[in-house]
$ cat model-v7.cif   # mmCIF, C-alpha atoms
data_model
loop_
_atom_site.group_PDB
_atom_site.id
_atom_site.type_symbol
_atom_site.label_atom_id
_atom_site.label_comp_id
_atom_site.auth_asym_id
_atom_site.auth_seq_id
_atom_site.Cartn_x
_atom_site.Cartn_y
_atom_site.Cartn_z
ATOM 1 C CA MET A 526 106.532 239.449 52.562
ATOM 2 C CA SER A 527 104.403 242.132 50.932
ATOM 3 C CA VAL A 528 101.107 241.846 49.063
ATOM 4 C CA SER A 529 100.542 244.180 46.123
ATOM 5 C CA VAL A 530 97.092 244.510 44.521
ATOM 6 C CA ASN A 531 97.221 246.389 41.218
ATOM 7 C CA HIS A 532 94.160 247.705 39.352
ATOM 8 C CA LEU A 533 92.153 244.635 40.298
ATOM 9 C CA SER A 534 88.679 244.166 38.796
ATOM 10 C CA LYS A 535 86.205 241.292 38.797
ATOM 11 C CA VAL A 536 83.160 241.466 36.540
ATOM 12 C CA TYR A 537 80.102 239.211 36.607
ATOM 13 C CA GLY A 538 77.959 240.078 33.613
ATOM 14 C CA SER A 539 77.076 243.733 34.055
ATOM 15 C CA GLN A 540 78.152 243.858 37.712
ATOM 16 C CA ARG A 541 81.639 244.954 38.732
ATOM 17 C CA ALA A 542 82.147 243.162 42.049
ATOM 18 C CA VAL A 543 85.664 244.646 42.324
ATOM 19 C CA ASP A 544 86.404 247.858 40.441
ATOM 20 C CA ASP A 545 90.011 248.948 39.771
ATOM 21 C CA LEU A 546 91.231 248.236 43.292
ATOM 22 C CA SER A 547 94.880 248.907 44.209
ATOM 23 C CA PHE A 548 96.677 248.695 47.565
ATOM 24 C CA GLU A 549 99.765 247.247 49.233
ATOM 25 C CA VAL A 550 100.269 245.527 52.574
ATOM 26 C CA GLY A 551 103.756 245.106 54.023
ATOM 27 C CA ALA A 552 105.325 242.367 56.139
ATOM 28 C CA GLY A 553 104.343 242.612 59.779
ATOM 29 C CA GLU A 554 101.305 244.753 58.913
ATOM 30 C CA ILE A 555 97.725 243.898 59.898
ATOM 31 C CA LEU A 556 95.122 245.315 57.526
ATOM 32 C CA GLY A 557 91.448 245.485 58.482
ATOM 33 C CA PHE A 558 89.335 245.060 55.353
ATOM 34 C CA LEU A 559 85.875 246.647 55.621
ATOM 35 C CA GLY A 560 82.878 247.308 53.430
ATOM 36 C CA PRO A 561 79.100 246.757 53.354
ATOM 37 C CA ASN A 562 77.778 243.317 52.459
ATOM 38 C CA GLY A 563 78.348 242.793 48.746
ATOM 39 C CA ALA A 564 81.109 245.411 48.568
ATOM 40 C CA GLY A 565 83.640 242.945 47.113
ATOM 41 C CA LYS A 566 85.706 241.969 50.181
ATOM 42 C CA SER A 567 85.377 238.193 49.867
ATOM 43 C CA THR A 568 85.830 238.367 46.092
ATOM 44 C CA THR A 569 89.088 240.288 46.560
ATOM 45 C CA MET A 570 90.323 237.764 49.109
ATOM 46 C CA LYS A 571 89.474 234.849 46.818
ATOM 47 C CA ILE A 572 91.460 236.472 44.000
ATOM 48 C CA ILE A 573 94.477 237.079 46.270
ATOM 49 C CA THR A 574 94.429 233.410 47.318
ATOM 50 C CA CYS A 575 94.043 232.163 43.703
ATOM 51 C CA PHE A 576 90.542 230.773 44.202
ATOM 52 C CA LEU A 577 89.148 233.189 41.598
ATOM 53 C CA PRO A 578 90.818 234.661 38.501
ATOM 54 C CA PRO A 579 90.584 238.439 38.077
ATOM 55 C CA THR A 580 88.903 240.009 35.071
ATOM 56 C CA GLU A 581 91.566 242.721 35.028
ATOM 57 C CA GLY A 582 94.652 243.567 37.057
ATOM 58 C CA THR A 583 96.888 241.341 39.132
ATOM 59 C CA VAL A 584 98.067 240.482 42.635
ATOM 60 C CA SER A 585 101.730 239.949 43.509
ATOM 61 C CA ILE A 586 103.322 238.489 46.619
ATOM 62 C CA ASP A 587 106.907 239.640 46.425
ATOM 63 C CA GLU A 588 108.159 238.470 43.006
ATOM 64 C CA TYR A 589 105.277 236.056 42.383
ATOM 65 C CA ASN A 590 101.955 236.964 40.739
ATOM 66 C CA ILE A 591 98.675 235.069 40.738
ATOM 67 C CA GLN A 592 98.558 234.546 36.954
ATOM 68 C CA ASP A 593 102.033 233.075 36.446
ATOM 69 C CA HIS A 594 102.807 231.528 39.846
ATOM 70 C CA PRO A 595 99.547 230.349 41.492
ATOM 71 C CA LEU A 596 101.169 227.367 43.244
ATOM 72 C CA GLU A 597 103.952 229.523 44.673
ATOM 73 C CA ILE A 598 101.312 231.970 45.927
ATOM 74 C CA ARG A 599 99.335 229.164 47.594
ATOM 75 C CA LYS A 600 102.470 227.903 49.352
ATOM 76 C CA ARG A 601 102.958 231.322 50.927
ATOM 77 C CA VAL A 602 99.350 232.104 51.851
ATOM 78 C CA GLY A 603 97.147 230.788 54.642
ATOM 79 C CA TYR A 604 93.442 231.298 53.965
ATOM 80 C CA LEU A 605 90.378 231.046 56.171
ATOM 81 C CA PRO A 606 87.280 231.562 53.981
ATOM 82 C CA GLU A 607 84.081 233.150 55.256
ATOM 83 C CA HIS A 608 82.283 229.803 55.015
ATOM 84 C CA ASN A 609 84.785 227.508 56.683
ATOM 85 C CA PRO A 610 84.964 224.265 54.606
ATOM 86 C CA LEU A 611 85.870 221.245 56.739
ATOM 87 C CA TYR A 612 85.621 217.457 56.487
ATOM 88 C CA LEU A 613 83.129 216.843 59.293
ATOM 89 C CA ASP A 614 83.711 213.072 59.448
ATOM 90 C CA MET A 615 87.429 213.501 60.121
ATOM 91 C CA TYR A 616 88.944 213.876 63.572
ATOM 92 C CA VAL A 617 90.657 217.188 64.297
ATOM 93 C CA HIS A 618 94.146 215.726 64.542
ATOM 94 C CA GLU A 619 93.511 213.509 61.515
ATOM 95 C CA PHE A 620 92.342 216.504 59.479
ATOM 96 C CA LEU A 621 95.441 218.527 60.339
ATOM 97 C CA GLU A 622 97.642 215.576 59.363
ATOM 98 C CA PHE A 623 95.791 215.508 56.051
ATOM 99 C CA VAL A 624 96.263 219.251 55.464
ATOM 100 C CA GLY A 625 99.923 219.004 56.453
ATOM 101 C CA ARG A 626 100.472 216.346 53.787
ATOM 102 C CA ILE A 627 98.771 218.562 51.192
ATOM 103 C CA TYR A 628 101.390 221.210 51.972
ATOM 104 C CA ASN A 629 104.143 218.562 51.700
ATOM 105 C CA LEU A 630 105.156 218.884 55.334
ATOM 106 C CA GLY A 631 107.390 215.991 56.330
ATOM 107 C CA LYS A 632 106.493 213.607 59.160
ATOM 108 C CA ALA A 633 108.858 215.290 61.612
ATOM 109 C CA GLU A 634 107.564 218.748 60.652
ATOM 110 C CA ARG A 635 103.933 217.635 61.102
ATOM 111 C CA LYS A 636 104.750 216.093 64.471
ATOM 112 C CA ARG A 637 106.200 219.416 65.603
ATOM 113 C CA ARG A 638 103.791 221.820 63.917
ATOM 114 C CA ILE A 639 100.387 220.221 64.649
ATOM 115 C CA PRO A 640 100.692 220.269 68.477
ATOM 116 C CA GLU A 641 102.065 223.803 68.223
ATOM 117 C CA ILE A 642 99.062 225.222 66.350
ATOM 118 C CA ILE A 643 96.583 223.147 68.384
ATOM 119 C CA GLU A 644 97.922 224.783 71.531
ATOM 120 C CA MET A 645 98.033 228.164 69.808
ATOM 121 C CA THR A 646 94.314 227.984 68.921
ATOM 122 C CA GLY A 647 93.099 226.351 72.152
ATOM 123 C CA LEU A 648 92.020 223.051 70.588
ATOM 124 C CA GLY A 649 93.882 220.756 72.987
ATOM 125 C CA ARG A 650 90.834 219.097 74.562
ATOM 126 C CA GLU A 651 89.034 218.804 71.211
ATOM 127 C CA GLN A 652 91.804 217.411 69.012
ATOM 128 C CA HIS A 653 90.647 213.789 69.228
ATOM 129 C CA LYS A 654 86.993 214.559 68.445
ATOM 130 C CA LYS A 655 85.319 214.420 65.076
ATOM 131 C CA ILE A 656 85.000 217.890 63.547
ATOM 132 C CA GLY A 657 81.263 217.325 63.098
ATOM 133 C CA MET A 658 80.906 216.998 66.897
ATOM 134 C CA LEU A 659 82.435 220.417 67.553
ATOM 135 C CA SER A 660 80.591 223.679 68.141
ATOM 136 C CA LYS A 661 80.744 226.354 65.462
ATOM 137 C CA GLY A 662 83.350 228.244 67.479
ATOM 138 C CA TYR A 663 85.675 225.245 67.708
ATOM 139 C CA ARG A 664 85.189 224.481 64.009
ATOM 140 C CA GLN A 665 86.364 228.033 63.349
ATOM 141 C CA ARG A 666 89.500 227.274 65.337
ATOM 142 C CA VAL A 667 90.110 224.181 63.220
ATOM 143 C CA GLY A 668 89.847 226.431 60.166
ATOM 144 C CA LEU A 669 92.463 228.733 61.669
ATOM 145 C CA CYS A 670 94.715 225.729 62.274
ATOM 146 C CA GLN A 671 94.551 224.662 58.625
ATOM 147 C CA ALA A 672 95.370 228.248 57.587
ATOM 148 C CA LEU A 673 98.413 228.319 59.867
ATOM 149 C CA ILE A 674 99.758 224.770 59.626
ATOM 150 C CA HIS A 675 102.353 225.482 56.906
ATOM 151 C CA ASP A 676 103.526 228.658 58.690
ATOM 152 C CA PRO A 677 102.542 230.954 55.796
ATOM 153 C CA GLU A 678 104.079 234.366 55.274
ATOM 154 C CA VAL A 679 100.691 235.867 54.338
ATOM 155 C CA LEU A 680 97.464 235.227 56.240
ATOM 156 C CA ILE A 681 94.062 236.000 54.673
ATOM 157 C CA LEU A 682 91.180 235.737 57.167
ATOM 158 C CA ASP A 683 87.575 236.282 56.098
ATOM 159 C CA GLU A 684 85.470 236.776 59.256
ATOM 160 C CA PRO A 685 87.922 234.863 61.523
ATOM 161 C CA THR A 686 85.907 235.256 64.757
ATOM 162 C CA SER A 687 82.529 234.303 63.286
ATOM 163 C CA GLY A 688 80.622 232.097 65.728
ATOM 164 C CA LEU A 689 83.022 232.527 68.649
ATOM 165 C CA ASP A 690 81.942 233.484 72.154
ATOM 166 C CA PRO A 691 83.383 236.668 73.777
ATOM 167 C CA ASN A 692 86.212 234.811 75.541
ATOM 168 C CA GLN A 693 87.177 232.990 72.363
ATOM 169 C CA ILE A 694 87.102 236.243 70.395
ATOM 170 C CA VAL A 695 89.623 237.786 72.797
ATOM 171 C CA ASP A 696 91.890 234.735 72.369
ATOM 172 C CA ILE A 697 91.713 234.820 68.558
ATOM 173 C CA ARG A 698 92.330 238.579 68.505
ATOM 174 C CA GLN A 699 95.478 238.028 70.536
ATOM 175 C CA LEU A 700 96.513 235.209 68.200
ATOM 176 C CA ILE A 701 96.091 237.429 65.137
ATOM 177 C CA ARG A 702 98.142 240.179 66.783
ATOM 178 C CA GLU A 703 100.882 237.676 67.644
ATOM 179 C CA VAL A 704 101.126 236.080 64.182
ATOM 180 C CA GLY A 705 100.922 239.549 62.637
ATOM 181 C CA LYS A 706 104.281 240.488 64.134
ATOM 182 C CA ASP A 707 106.141 238.639 61.387
ATOM 183 C CA LYS A 708 103.414 237.978 58.798
ATOM 184 C CA THR A 709 101.308 240.013 56.431
ATOM 185 C CA VAL A 710 97.704 239.763 57.649
ATOM 186 C CA ILE A 711 94.524 240.844 55.850
ATOM 187 C CA PHE A 712 91.295 240.193 57.703
ATOM 188 C CA SER A 713 87.680 241.220 57.336
ATOM 189 C CA SER A 714 85.155 241.421 60.145
ATOM 190 C CA HIS A 715 81.539 242.323 60.799
ATOM 191 C CA ILE A 716 82.592 243.635 64.222
ATOM 192 C CA LEU A 717 83.979 247.140 63.760
ATOM 193 C CA SER A 718 85.304 247.352 67.322
ATOM 194 C CA GLU A 719 87.309 244.222 66.545
ATOM 195 C CA VAL A 720 89.004 245.940 63.620
ATOM 196 C CA GLU A 721 89.927 248.834 65.910
ATOM 197 C CA ALA A 722 91.331 246.381 68.458
ATOM 198 C CA ILE A 723 93.480 244.437 65.981
ATOM 199 C CA ALA A 724 94.306 246.435 62.872
ATOM 200 C CA GLU A 725 96.833 249.222 62.560
ATOM 201 C CA ARG A 726 95.374 250.202 59.202
ATOM 202 C CA VAL A 727 91.902 250.064 57.680
ATOM 203 C CA LEU A 728 90.894 249.766 54.049
ATOM 204 C CA ILE A 729 87.221 250.399 53.247
ATOM 205 C CA ILE A 730 85.607 249.502 49.934
ATOM 206 C CA ASP A 731 82.092 250.205 48.710
ATOM 207 C CA ARG A 732 80.594 248.707 45.537
ATOM 208 C CA GLY A 733 84.003 247.355 44.606
ATOM 209 C CA LYS A 734 85.792 250.709 44.845
ATOM 210 C CA MET A 735 88.163 251.924 47.526
ATOM 211 C CA VAL A 736 86.714 254.773 49.617
ATOM 212 C CA ALA A 737 89.371 254.974 52.340
ATOM 213 C CA ASP A 738 92.822 253.579 53.170
ATOM 214 C CA ALA A 739 94.502 254.947 56.293
ATOM 215 C CA ALA A 740 95.528 254.265 59.875
ATOM 216 C CA THR A 741 92.585 253.485 62.133
ATOM 217 C CA ASP A 742 92.628 256.829 63.934
ATOM 218 C CA GLN A 743 92.934 258.681 60.622
ATOM 219 C CA ILE A 744 89.869 256.876 59.238
ATOM 220 C CA ARG A 745 87.773 258.343 62.027
ATOM 221 C CA LYS A 746 89.011 261.838 61.172
ATOM 222 C CA LEU A 747 88.042 261.427 57.513
ATOM 223 C CA SER A 748 84.368 261.555 58.462
ATOM 224 C CA LYS A 749 84.674 264.171 61.161
ATOM 225 C CA ASP A 750 83.180 267.312 59.660
ATOM 226 C CA GLU A 751 81.031 268.000 62.698
ATOM 227 C CA THR A 752 81.364 267.868 66.479
ATOM 228 C CA ARG A 753 78.875 266.165 68.774
ATOM 229 C CA ILE A 754 78.487 267.442 72.329
ATOM 230 C CA GLU A 755 76.412 265.555 74.879
ATOM 231 C CA VAL A 756 75.123 267.833 77.627
ATOM 232 C CA GLU A 757 72.985 267.122 80.706
ATOM 233 C CA PHE A 758 71.191 269.931 82.528
ATOM 234 C CA ASP A 759 70.201 270.166 86.162
ATOM 235 C CA LYS A 760 66.541 270.822 85.412
ATOM 236 C CA GLY A 761 64.084 270.620 82.558
ATOM 237 C CA GLY A 762 62.510 273.427 80.618
ATOM 238 C CA PHE A 763 65.780 274.488 79.034
ATOM 239 C CA ASP A 764 65.147 276.644 75.945
ATOM 240 C CA MET A 765 67.089 274.833 73.198
ATOM 241 C CA ALA A 766 65.984 277.387 70.596
ATOM 242 C CA ALA A 767 68.743 279.695 71.804
ATOM 243 C CA VAL A 768 71.319 276.926 71.275
ATOM 244 C CA GLU A 769 69.979 276.116 67.809
ATOM 245 C CA LYS A 770 70.594 279.747 66.804
ATOM 246 C CA LEU A 771 74.299 279.597 67.698
ATOM 247 C CA ALA A 772 76.667 279.933 64.742
ATOM 248 C CA GLY A 773 77.749 276.518 63.459
ATOM 249 C CA VAL A 774 75.034 274.484 65.213
ATOM 250 C CA SER A 775 73.347 272.147 62.722
ATOM 251 C CA ARG A 776 70.853 270.341 64.966
ATOM 252 C CA VAL A 777 69.919 269.482 68.546
ATOM 253 C CA GLU A 778 68.489 266.097 69.551
ATOM 254 C CA ALA A 779 66.923 265.167 72.892
ATOM 255 C CA SER A 780 68.302 261.937 74.412
ATOM 256 C CA GLY A 781 66.381 262.110 77.687
ATOM 257 C CA ALA A 782 64.457 264.442 79.980
ATOM 258 C CA ASN A 783 67.432 266.765 80.523
ATOM 259 C CA LEU A 784 69.949 265.191 78.147
ATOM 260 C CA PHE A 785 70.727 266.570 74.676
ATOM 261 C CA GLN A 786 73.048 265.897 71.733
ATOM 262 C CA ILE A 787 74.256 269.095 70.053
ATOM 263 C CA TYR A 788 75.825 268.850 66.597
ATOM 264 C CA SER A 789 77.946 271.686 65.242
ATOM 265 C CA ASP A 790 80.583 272.450 62.641
ATOM 266 C CA ALA A 791 83.906 270.838 63.572
ATOM 267 C CA GLU A 792 85.651 274.210 63.242
ATOM 268 C CA VAL A 793 83.326 275.893 65.785
ATOM 269 C CA ASP A 794 83.556 275.446 69.565
ATOM 270 C CA ILE A 795 80.176 276.333 71.083
ATOM 271 C CA ARG A 796 80.937 275.419 74.702
ATOM 272 C CA ARG A 797 81.587 278.956 75.951
ATOM 273 C CA ASP A 798 78.373 280.262 74.324
ATOM 274 C CA LEU A 799 76.434 277.264 75.680
ATOM 275 C CA PHE A 800 77.621 278.035 79.196
ATOM 276 C CA GLN A 801 76.554 281.680 78.817
ATOM 277 C CA ILE A 802 73.054 280.594 77.735
ATOM 278 C CA CYS A 803 72.815 278.396 80.845
ATOM 279 C CA VAL A 804 73.718 281.366 83.044
ATOM 280 C CA GLU A 805 71.035 283.482 81.367
ATOM 281 C CA GLN A 806 68.421 280.741 81.849
ATOM 282 C CA ASP A 807 69.465 280.020 85.428
ATOM 283 C CA ASN A 808 70.296 276.379 84.700
ATOM 284 C CA VAL A 809 73.315 274.261 85.601
ATOM 285 C CA ILE A 810 75.279 271.906 83.342
ATOM 286 C CA LEU A 811 75.704 268.616 85.202
ATOM 287 C CA SER A 812 77.896 267.083 82.489
ATOM 288 C CA LEU A 813 79.268 268.082 79.114
ATOM 289 C CA ASN A 814 81.156 265.644 76.902
ATOM 290 C CA LYS A 815 82.682 266.260 73.512
ATOM 291 C CA GLN A 816 82.087 262.941 71.782
ATOM 292 C CA THR A 817 84.789 261.053 69.889
ATOM 293 C CA TYR A 818 83.859 259.685 66.505
ATOM 294 C CA THR A 819 83.966 255.900 66.246
ATOM 295 C CA LEU A 820 85.072 253.682 63.382
ATOM 296 C CA GLU A 821 81.422 252.660 62.987
ATOM 297 C CA GLU A 822 80.376 256.265 62.366
ATOM 298 C CA ALA A 823 83.233 256.734 59.912
ATOM 299 C CA PHE A 824 82.252 253.529 58.127
ATOM 300 C CA ARG A 825 78.619 254.590 57.797
ATOM 301 C CA LYS A 826 79.551 257.974 56.420
ATOM 302 C CA LEU A 827 82.228 256.757 54.002
ATOM 303 C CA THR A 828 80.067 254.007 52.539
ATOM 304 C CA GLY A 829 76.873 256.071 52.541
ATOM 305 C CA SER A 830 75.175 253.177 54.316
ATOM 306 C CA LYS A 831 73.040 252.954 57.428
ATOM 307 C CA GLN A 832 74.122 249.412 58.099
ATOM 308 C CA THR A 833 76.834 248.745 60.669
ATOM 309 C CA GLU A 834 78.144 245.486 59.255
ATOM 310 C CA ALA A 835 81.284 245.248 57.173
#
$ encode --input "model-v7.cif" --output "structure tokens"
Amino acid sequence: MSVSVNHLSKVYGSQRAVDDLSFEVGAGEILGFLGPNGAGKSTTMKIITCFLPPTEGTVSIDEYNIQDHPLEIRKRVGYLPEHNPLYLDMYVHEFLEFVGRIYNLGKAERKRRIPEIIEMTGLGREQHKKIGMLSKGYRQRVGLCQALIHDPEVLILDEPTSGLDPNQIVDIRQLIREVGKDKTVIFSSHILSEVEAIAERVLIIDRGKMVADAATDQIRKLSKDETRIEVEFDKGGFDMAAVEKLAGVSRVEASGANLFQIYSDAEVDIRRDLFQICVEQDNVILSLNKQTYTLEEAFRKLTGSKQTEA
């Protein structure tokens, strides 16, 4: 089941939280949704899930749109909000029974589905506890259960691993990859390495506008207009002025006593000239690594932000 966002805008007074945003996500596709804090990610997700009406534009899930068929949309979407709302005085199993009834799951279906998603999310030992007694990480798992209980065709996850420990994060990543095989998944995350580990495609927005939409490896290339070489020399006293004069070199930064980062135009390979300078200065290169650009670096450049959170 595909999700189609068409010229979506959300305006609060003079602020455009979402500004003419359009994209599509197909069945079996996992989309990583990134942007600085306040970029409009959560607002977009709330509109897709019919929690907020758009100012302009629309969202369609197959033949249904959010304006004319909000109940049909809700039946087909599982949603985990950024701030996970739970009834803390209810027991885990009791809460999932309650949510199952909301989705009109029959008794037999609830009896089958609840144990299935409890096992899927690792809540087996916690299912008979009150939600208010659980750690933040386990409460997040309960939120994932309520998003999955009706076996939705579209899954919208806003910060799904928030509050989880490293082992739990690995488990939830695997769960998202598994459910993403036959569902449409859109998830946001503050952990950029997590997006690289899960998503096949990344969409980045900044101030409500789309700035990039491509496969994860292609996103990195979008920001790659320079090459970074890390080089370590055998001894100190290396004259970096000669390197700085090489064609295409933009800057040289010291990272340690004999360790330097050399930045140059992506179209220029300075390694041969660098080696020649070392010969002339009677120095030896102990290591030389051409650095690969990360999603974090691409994100910072595309959004024009120094922050590393999405």
$ closest_residue --input "model-v7.cif" --among "A:Ser529, A:Gly538, A:Leu613, A:Val602" --to "A:Ser585" --atoms "all atoms listed in the file"
A:Ser529
$ resolve_selection --input "model-v7.cif" --expression "the PyMOL selection byres ((chain A and resi 787-802) around 12)" --output "mmCIF file with C-alpha atoms, keeping the file's coordinate frame"
data_model
loop_
_atom_site.group_PDB
_atom_site.id
_atom_site.type_symbol
_atom_site.label_atom_id
_atom_site.label_comp_id
_atom_site.auth_asym_id
_atom_site.auth_seq_id
_atom_site.Cartn_x
_atom_site.Cartn_y
_atom_site.Cartn_z
ATOM 1 C CA LYS A 746 89.011 261.838 61.172
ATOM 2 C CA LEU A 747 88.042 261.427 57.513
ATOM 3 C CA SER A 748 84.368 261.555 58.462
ATOM 4 C CA LYS A 749 84.674 264.171 61.161
ATOM 5 C CA ASP A 750 83.180 267.312 59.660
ATOM 6 C CA GLU A 751 81.031 268.000 62.698
ATOM 7 C CA THR A 752 81.364 267.868 66.479
ATOM 8 C CA ARG A 753 78.875 266.165 68.774
ATOM 9 C CA ILE A 754 78.487 267.442 72.329
ATOM 10 C CA GLU A 755 76.412 265.555 74.879
ATOM 11 C CA VAL A 756 75.123 267.833 77.627
ATOM 12 C CA GLU A 757 72.985 267.122 80.706
ATOM 13 C CA PHE A 758 71.191 269.931 82.528
ATOM 14 C CA PHE A 763 65.780 274.488 79.034
ATOM 15 C CA ASP A 764 65.147 276.644 75.945
ATOM 16 C CA MET A 765 67.089 274.833 73.198
ATOM 17 C CA ALA A 766 65.984 277.387 70.596
ATOM 18 C CA ALA A 767 68.743 279.695 71.804
ATOM 19 C CA VAL A 768 71.319 276.926 71.275
ATOM 20 C CA GLU A 769 69.979 276.116 67.809
ATOM 21 C CA LYS A 770 70.594 279.747 66.804
ATOM 22 C CA LEU A 771 74.299 279.597 67.698
ATOM 23 C CA ALA A 772 76.667 279.933 64.742
ATOM 24 C CA GLY A 773 77.749 276.518 63.459
ATOM 25 C CA VAL A 774 75.034 274.484 65.213
ATOM 26 C CA SER A 775 73.347 272.147 62.722
ATOM 27 C CA ARG A 776 70.853 270.341 64.966
ATOM 28 C CA VAL A 777 69.919 269.482 68.546
ATOM 29 C CA GLU A 778 68.489 266.097 69.551
ATOM 30 C CA ALA A 779 66.923 265.167 72.892
ATOM 31 C CA SER A 780 68.302 261.937 74.412
ATOM 32 C CA LEU A 784 69.949 265.191 78.147
ATOM 33 C CA PHE A 785 70.727 266.570 74.676
ATOM 34 C CA GLN A 786 73.048 265.897 71.733
ATOM 35 C CA CYS A 803 72.815 278.396 80.845
ATOM 36 C CA VAL A 804 73.718 281.366 83.044
ATOM 37 C CA GLU A 805 71.035 283.482 81.367
ATOM 38 C CA GLN A 806 68.421 280.741 81.849
ATOM 39 C CA ASP A 807 69.465 280.020 85.428
ATOM 40 C CA ASN A 808 70.296 276.379 84.700
ATOM 41 C CA VAL A 809 73.315 274.261 85.601
ATOM 42 C CA ILE A 810 75.279 271.906 83.342
ATOM 43 C CA LEU A 811 75.704 268.616 85.202
ATOM 44 C CA SER A 812 77.896 267.083 82.489
ATOM 45 C CA LEU A 813 79.268 268.082 79.114
ATOM 46 C CA ASN A 814 81.156 265.644 76.902
ATOM 47 C CA LYS A 815 82.682 266.260 73.512
ATOM 48 C CA GLN A 816 82.087 262.941 71.782
ATOM 49 C CA THR A 817 84.789 261.053 69.889
ATOM 50 C CA TYR A 818 83.859 259.685 66.505
#
$ atom_distance --input "model-v7.cif" --atom1 "atom CA of A:Asn609" --atom2 "atom CA of A:Leu621"
14.4 Å
$ resolve_selection --input "model-v7.cif" --expression "the PyMOL selection byres ((chain A and resi 665-677) around 8)" --output "PyMOL selection string"
chain A and resi 600-605+609-611+617+621+624-625+628+630+638-639+642-643+646-648+661-664+678-680+685-689+708
$ residues_around --input "model-v7.cif" --residues "A:Asn590" --least-positions-apart "3" --cutoff "12 Å" --atoms "all atoms listed in the file" --output "PyMOL selection string"
chain A and resi 527-531+572-575+578-579+582-587+593-599+601
$ resolve_selection --input "model-v7.cif" --expression "the PyMOL selection byres ((chain A and resi 554) around 8)" --output "count of residues only"
12
$ decode --input "model-v7.cif" --residues "stretch 532-549 of chain A" --atoms "N, CA and C atoms" --output "PDB file, in the first residue's frame"
ATOM      1  N   HIS A 532       1.700  18.266  -2.296  1.00  0.00           N
ATOM      2  CA  HIS A 532       1.692  19.715  -2.056  1.00  0.00           C
ATOM      3  C   HIS A 532       1.156  20.053  -0.664  1.00  0.00           C
ATOM      4  N   LEU A 533       1.684  19.346   0.318  1.00  0.00           N
ATOM      5  CA  LEU A 533       1.201  19.487   1.694  1.00  0.00           C
ATOM      6  C   LEU A 533       1.792  20.723   2.361  1.00  0.00           C
ATOM      7  N   SER A 534       0.924  21.512   3.003  1.00  0.00           N
ATOM      8  CA  SER A 534       1.361  22.680   3.772  1.00  0.00           C
ATOM      9  C   SER A 534       0.557  22.750   5.060  1.00  0.00           C
ATOM     10  N   LYS A 535       1.235  23.215   6.122  1.00  0.00           N
ATOM     11  CA  LYS A 535       0.570  23.474   7.395  1.00  0.00           C
ATOM     12  C   LYS A 535       1.063  24.811   7.905  1.00  0.00           C
ATOM     13  N   VAL A 536       0.112  25.740   8.123  1.00  0.00           N
ATOM     14  CA  VAL A 536       0.463  27.098   8.519  1.00  0.00           C
ATOM     15  C   VAL A 536      -0.095  27.398   9.903  1.00  0.00           C
ATOM     16  N   TYR A 537       0.769  27.919  10.772  1.00  0.00           N
ATOM     17  CA  TYR A 537       0.348  28.409  12.084  1.00  0.00           C
ATOM     18  C   TYR A 537       0.631  29.910  12.121  1.00  0.00           C
ATOM     19  N   GLY A 538      -0.395  30.710  11.950  1.00  0.00           N
ATOM     20  CA  GLY A 538      -0.178  32.151  11.924  1.00  0.00           C
ATOM     21  C   GLY A 538       0.696  32.537  10.747  1.00  0.00           C
ATOM     22  N   SER A 539       1.863  33.090  11.047  1.00  0.00           N
ATOM     23  CA  SER A 539       2.788  33.483   9.983  1.00  0.00           C
ATOM     24  C   SER A 539       3.843  32.420   9.707  1.00  0.00           C
ATOM     25  N   GLN A 540       3.799  31.313  10.447  1.00  0.00           N
ATOM     26  CA  GLN A 540       4.816  30.268  10.297  1.00  0.00           C
ATOM     27  C   GLN A 540       4.292  29.112   9.448  1.00  0.00           C
ATOM     28  N   ARG A 541       5.061  28.745   8.432  1.00  0.00           N
ATOM     29  CA  ARG A 541       4.733  27.583   7.617  1.00  0.00           C
ATOM     30  C   ARG A 541       5.528  26.395   8.138  1.00  0.00           C
ATOM     31  N   ALA A 542       4.891  25.582   8.975  1.00  0.00           N
ATOM     32  CA  ALA A 542       5.561  24.423   9.566  1.00  0.00           C
ATOM     33  C   ALA A 542       5.887  23.383   8.505  1.00  0.00           C
ATOM     34  N   VAL A 543       4.995  23.217   7.531  1.00  0.00           N
ATOM     35  CA  VAL A 543       5.223  22.349   6.368  1.00  0.00           C
ATOM     36  C   VAL A 543       4.915  23.193   5.144  1.00  0.00           C
ATOM     37  N   ASP A 544       5.802  23.155   4.152  1.00  0.00           N
ATOM     38  CA  ASP A 544       5.713  24.102   3.037  1.00  0.00           C
ATOM     39  C   ASP A 544       5.768  23.380   1.687  1.00  0.00           C
ATOM     40  N   ASP A 545       4.592  23.092   1.127  1.00  0.00           N
ATOM     41  CA  ASP A 545       4.470  22.512  -0.215  1.00  0.00           C
ATOM     42  C   ASP A 545       5.296  21.235  -0.358  1.00  0.00           C
ATOM     43  N   LEU A 546       5.052  20.299   0.521  1.00  0.00           N
ATOM     44  CA  LEU A 546       5.820  19.054   0.571  1.00  0.00           C
ATOM     45  C   LEU A 546       5.124  17.967  -0.239  1.00  0.00           C
ATOM     46  N   SER A 547       5.876  17.302  -1.124  1.00  0.00           N
ATOM     47  CA  SER A 547       5.334  16.211  -1.937  1.00  0.00           C
ATOM     48  C   SER A 547       6.325  15.056  -1.984  1.00  0.00           C
ATOM     49  N   PHE A 548       5.828  13.841  -1.766  1.00  0.00           N
ATOM     50  CA  PHE A 548       6.654  12.634  -1.922  1.00  0.00           C
ATOM     51  C   PHE A 548       5.752  11.409  -1.904  1.00  0.00           C
ATOM     52  N   GLU A 549       6.289  10.280  -2.346  1.00  0.00           N
ATOM     53  CA  GLU A 549       5.551   9.023  -2.331  1.00  0.00           C
ATOM     54  C   GLU A 549       6.414   7.938  -1.703  1.00  0.00           C
TER      55      GLU A 549
END
